[in-house]
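Single-structure report; data block below.
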Amino acid sequence: MAIQLRLLHYTLFPLLLIAASVNANQRPGSLPLRNDSAAVRLASTDYGNLVHEIPSSVLFPTSVDDIVDLIKLSNHNDDHRRRGVAARGHGHSIRGQAMARGGVVVNMASLNRSCNGARIQVVRDKELGFYVDVGGEQLWIDVLQATLRQGLAPESWTDYLYLTVGGTLSNAGISGQAFLHGPQISNVLEMDVITGKGELMTCSKDKNPDLFFGVLGGLGQFGIITRARIPLAKAPTRVKWAFLVYSNFSDFSRDQEKLIASTMAPAPDFVEGLLVTTENITQQWRSRFSSPSNQSAIADLLKKQGILYAIEVVKYYHSHTPASPPTDKEFERLLKQLSFIPSFIFSRDASYFEFLTRVSNLGNLPAPIPFHPWLNLFIPKSRISDFNAAVLAGMLPTLPHPDPSTVYIFYPLNRNKWDARMSAVTPDEEVFYTLGLLHTSTTSDNAEINDKFNDEVMRICREEGIQVKQYFPHYQSRQEWINHFGPKWPIMKHKKAIFDPKRILSPGQRIFNHI
Ligand code: FAD
């Protein structure tokens, strides 16, 4: 109640006054803004549960025009704090990136509610082939279901599908298909974007390319994506899926790099890696691969090694029944080229849908809500052994109080699948690894320990001269952002001045607005 009164008095009121004083075409006063505690609570919460910024109000758009109007109104507001506008996709950010302290959060999901599923359209075009036009607020799980109904699917995914199209395209969107098809940002034909000036623009490689490439991996800085056009391919029906365990880091990284090389034959469709520690061995999704006896064999090995490495490799195939023999033979031929511990291979056959939805919906976590102080890094291949020695083998087994649901993801990507014109930043090498230290902490004290651990990882990289880049970057100072973007920083600044000159959009990223 106290929050509500404060909000009404100090924040929503000025916005409504401005709304009453601008151009009649902007439908003054009619914006579906809310500032009740439920709306504000949701808009000031994210998956990380580490940052809580209170907005003045939350827009529940019933149309794209509502967002256009809001941004135009915000351009008339001279109060820096109040004009900030953040699109909130599914709030799966970790550190308040989709929040707007004192500003307005756009609840993107609301666009979907009023459109009755019409914002996912599968189209066959004579020139472009099959594609899907999707609202920026759509969840990838819904895109998968809608396209599979027509036997089609996008080729690049994330591990977890309860994320929005606009949210992942603002970062990169990576999973085990990215080595082959590139990240999701490399798989976009066209977008509709509302810029920070309130202009609704269509962009592609050929039309408004500065905006197109700026928005892809642009951390929400240049516009709000209201539609993305994603190419589709014939969807496989089933997968051969193996989980291979390694105790030796050189074998593990050599095999991963072999698997993602264009010369690999037969080529896999999906390659990821994981770090197995004593704590996370029993994770539910991973345990699908192994019986309790297999798990105890891994646990015995872990006691000796401290840390194990695992590759998940998948080959797709088209059949309505499991185990079609040619695919089995192909998969065997692929696995024969690898040097995992021979008795530590766990494999299965699954439907394509089951495979893509292997991480189930985490939406309704039981209280108390855990904290997720994650650190995601891109690490250049040339220093991967040093990184392993210093951080993975050196530090991870000593991390105090890791939670059993903590996941460590670790696999290589090919930079030639990333268009350098996009805003996303990668290390300056042809192959780089992605590492996700996906800590779960059940208490705030443990979250602090994990955060200190992350800081220590960054400190070691600086000291050892390992030029890592953060994925889902989070920095405290302007200088750190300048270092992060490197040669792309002047381009980011230039595009911000053109597309969002009043620095309205995505203030929670704290790139141009240090609030
Ligand atoms: P939000 O957190 O709501 O928003 C993220 C940023 O994008 C904010 O700055 C926001 O203002 C901006 N934004 C949101 N919508 C739009 C829009 N329509 N237009 C412009 N800007 C917008 N990432 C991967 O790459 N691969 C994975 O496998 C993966 N798995 C994940 C699993 C879990 C459990 C979680 C919590 C996250 C995972 N992520 C993964 C990270 C995920 O990609 C990011 O959290 C991303 O931000 C998408 O989340 P969201 O849709 O909830 O966006």
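By order of appearance in the structure tokens: chains A, B, ..., then residues from 1 within every chain, and ligands from 1 in the order shown.
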
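If you count only C-alpha atoms and ignore residues fewer than 6 places along the chain from Asp428 of chain A, what sits within 9 Å of it is A:Pro380, A:Arg415, A:Gln467.
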
Ligand 1: which residues are within 6 Å, counting only C-alpha atoms and all ligand atoms? Reply as a PyMOL selection string. chain A and resi 47+86-93+97-98+136-137+158-160+163-164+166-168+170+172-175+219-220+223-226+506+509

Nearest to Lys205 of chain A, restricted to only C-alpha atoms and choosing among A:Leu189, A:Ala297, A:Ala38, A:Leu152, comes out as A:Leu189

Could you go through segment 230-310 of chain A and tell me which residues DSSP, when run on the backbone, assigns to strand (DSSP E or B), listing them as a list in words?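 Selection result, strand (DSSP E or B) within segment 230-310 of chain A: Ile230, Pro231, Ala233, Lys234, Arg238, Val239, Lys240, Trp241, Ala242, Phe243, Leu244, Val245, Tyr246, Phe270, Val271, Glu272, Gly273, Leu274, Leu275, Val276, Leu308, Tyr309 and Ala310 of chain A.
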
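Nearest residue to Met264 of chain A, choosing from A:Asn446, A:Gln337, A:Ser63, A:Ser110 and counting only C-alpha atoms: A:Gln337.
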
Out of segment 70-152 of chain A, which residues get alpha helix (DSSP H) from DSSP, as a PyMOL selection string? chain A and resi 70-75+80-83+109-113+140-148

Written file, previous selection with C-alpha atoms, as a PDB file, in the first residue's frame:
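Wrote it out as again.pdb, contents follow:
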```
ATOM      1  CA  LEU A  70       4.208   5.464 -24.551  1.00  0.00           C
ATOM      2  CA  ILE A  71       7.631   6.080 -26.083  1.00  0.00           C
ATOM      3  CA  LYS A  72       6.468   9.245 -27.792  1.00  0.00           C
ATOM      4  CA  LEU A  73       5.125  10.493 -24.453  1.00  0.00           C
ATOM      5  CA  SER A  74       8.354   9.562 -22.718  1.00  0.00           C
ATOM      6  CA  ASN A  75      10.237  11.716 -25.242  1.00  0.00           C
ATOM      7  CA  HIS A  80      15.606  11.504 -16.930  1.00  0.00           C
ATOM      8  CA  ARG A  81      14.514   9.050 -14.244  1.00  0.00           C
ATOM      9  CA  ARG A  82      10.883   8.974 -15.315  1.00  0.00           C
ATOM     10  CA  ARG A  83      11.273   8.664 -19.039  1.00  0.00           C
ATOM     11  CA  ALA A 109       3.182 -10.631 -22.638  1.00  0.00           C
ATOM     12  CA  SER A 110       0.112  -8.412 -22.587  1.00  0.00           C
ATOM     13  CA  LEU A 111       0.357  -8.004 -26.391  1.00  0.00           C
ATOM     14  CA  ASN A 112      -0.244 -11.709 -26.729  1.00  0.00           C
ATOM     15  CA  ARG A 113      -3.243 -11.810 -24.411  1.00  0.00           C
ATOM     16  CA  TRP A 140      10.027 -19.890 -28.029  1.00  0.00           C
ATOM     17  CA  ILE A 141       8.073 -22.886 -26.717  1.00  0.00           C
ATOM     18  CA  ASP A 142       4.978 -21.493 -28.459  1.00  0.00           C
ATOM     19  CA  VAL A 143       6.956 -20.856 -31.645  1.00  0.00           C
ATOM     20  CA  LEU A 144       8.107 -24.487 -31.554  1.00  0.00           C
ATOM     21  CA  GLN A 145       4.605 -25.838 -31.068  1.00  0.00           C
ATOM     22  CA  ALA A 146       3.065 -23.658 -33.789  1.00  0.00           C
ATOM     23  CA  THR A 147       5.730 -24.486 -36.375  1.00  0.00           C
ATOM     24  CA  LEU A 148       5.894 -28.214 -35.571  1.00  0.00           C
TER      25      LEU A 148
END
```

Contacts of Met191 of chain A at 6 Å (only C-alpha atoms; same-chain gap of 6+ positions) as a PyMOL selection string: chain A and resi 202-203+227-228

For atom CA of Phe340 of chain A and atom CA of Tyr246 of chain A, determine how far apart the two atoms are, in Å to one decimal place.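 Taking atom CA of Phe340 of chain A and atom CA of Tyr246 of chain A, their separation equals 5.1 Å.
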
A:Ile369, A:Ala261, A:Val215, A:Leu435 ranked by distance to Asp46 of chain A, top pick (using only C-alpha atoms):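 Selected residue with least distance to Asp46 of chain A: A:Ile369.
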
Quick one: which segment 379-421 of chain A residues come within 10 Å of segment 304-320 of chain A, and what is the nearest atom pair for each with the distance in Å to one decimal, counting only C-alpha atoms, rows ordered by chain and ascending number, as CSV?
```
residue,atom,partner,partner_atom,distance
A:Leu392,CA,A:Ile307,CA,8.0
A:Ala393,CA,A:Ile307,CA,6.5
A:Gly394,CA,A:Gly306,CA,9.5
A:Leu396,CA,A:Ile307,CA,8.0
A:Pro397,CA,A:Gly306,CA,5.9
A:Thr398,CA,A:Gly306,CA,9.0
A:Tyr408,CA,A:Tyr309,CA,9.9
A:Ile409,CA,A:Ala310,CA,9.5
A:Phe410,CA,A:Tyr309,CA,8.9
A:Tyr411,CA,A:Ile311,CA,8.3
```

Could you save those same residues with C-alpha atoms as a short mmCIF file (atom, residue, chain, number, x, y, z; two decimals), in the first residue's frame?
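Contents of out-v9.cif, as written:
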```cif
data_model
loop_
_atom_site.label_atom_id
_atom_site.label_comp_id
_atom_site.auth_asym_id
_atom_site.auth_seq_id
_atom_site.Cartn_x
_atom_site.Cartn_y
_atom_site.Cartn_z
CA LEU A 392 37.45 -25.00 -13.73
CA ALA A 393 39.80 -27.59 -12.25
CA GLY A 394 41.40 -25.05 -9.93
CA LEU A 396 35.10 -24.96 -9.07
CA PRO A 397 35.63 -28.01 -6.84
CA THR A 398 36.45 -25.64 -3.96
CA TYR A 408 27.85 -25.54 -15.41
CA ILE A 409 27.59 -25.41 -19.20
CA PHE A 410 30.73 -25.32 -21.32
CA TYR A 411 31.08 -25.75 -25.11
#
```

Could you name the residues that touch Arg510 of chain A at 12 Å or less, counting only C-alpha atoms, but leaving out those on the same chain fewer than 4 positions away, as a list in words?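 Counting only C-alpha atoms, the residues come to Gly84, Ala86, Arg95, Gly96, Gln97, Ala98, Met99, Ala100, Arg101, Leu219, Gly220, Gln221, Pro473, His474, Tyr475, Gln476, Ser477, Arg478, Gln479, Glu480, Trp481, Arg503, Ile504, Leu505, Ser506, His514 and Ile515 of chain A.
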
Pick out the residues sitting within 12 Å of Leu335 of chain A, and hand them over as an NGL selection string; count only C-alpha atoms, and ignore anything fewer than 3 positions along from it in its own chain. :A and (240-244 or 255-256 or 258-259 or 264-268 or 311-315 or 328-332 or 338-342 or 345-347)

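Of the residues listed (A:Thr434, A:Thr237, A:Gln121, A:Asn208), A:Gln121 shows the shortest atom-to-atom separation from Gln138 of chain A; distances use only C-alpha atoms.
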
Got a sec: who's within 9 Å of Pro32 of chain A, counting only C-alpha atoms, leaving out chain neighbours fewer than 4 positions off, as number ranges by chain? A: 58-62, 66

Expected file: the selected residues, C-alpha atoms, as a short mmCIF file (atom, residue, chain, number, x, y, z; two decimals), in the first residue's frame:
```cif
data_model
loop_
_atom_site.label_atom_id
_atom_site.label_comp_id
_atom_site.auth_asym_id
_atom_site.auth_seq_id
_atom_site.Cartn_x
_atom_site.Cartn_y
_atom_site.Cartn_z
CA VAL A 58 3.64 -0.76 -15.95
CA LEU A 59 2.19 -0.61 -19.45
CA PHE A 60 -0.03 -3.54 -20.41
CA PRO A 61 -0.19 -2.89 -24.16
CA THR A 62 -3.16 -4.18 -26.09
CA ASP A 66 0.23 1.55 -27.20
#
```

How far is it from atom CA of Val123 of chain A to atom CA of Arg229 of chain A, in Å with one decimal? 9.8 Å

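Atom CA of Lys493 of chain A to atom CA of Gln184 of chain A spans 24.0 Å [interatomic distance, one decimal].
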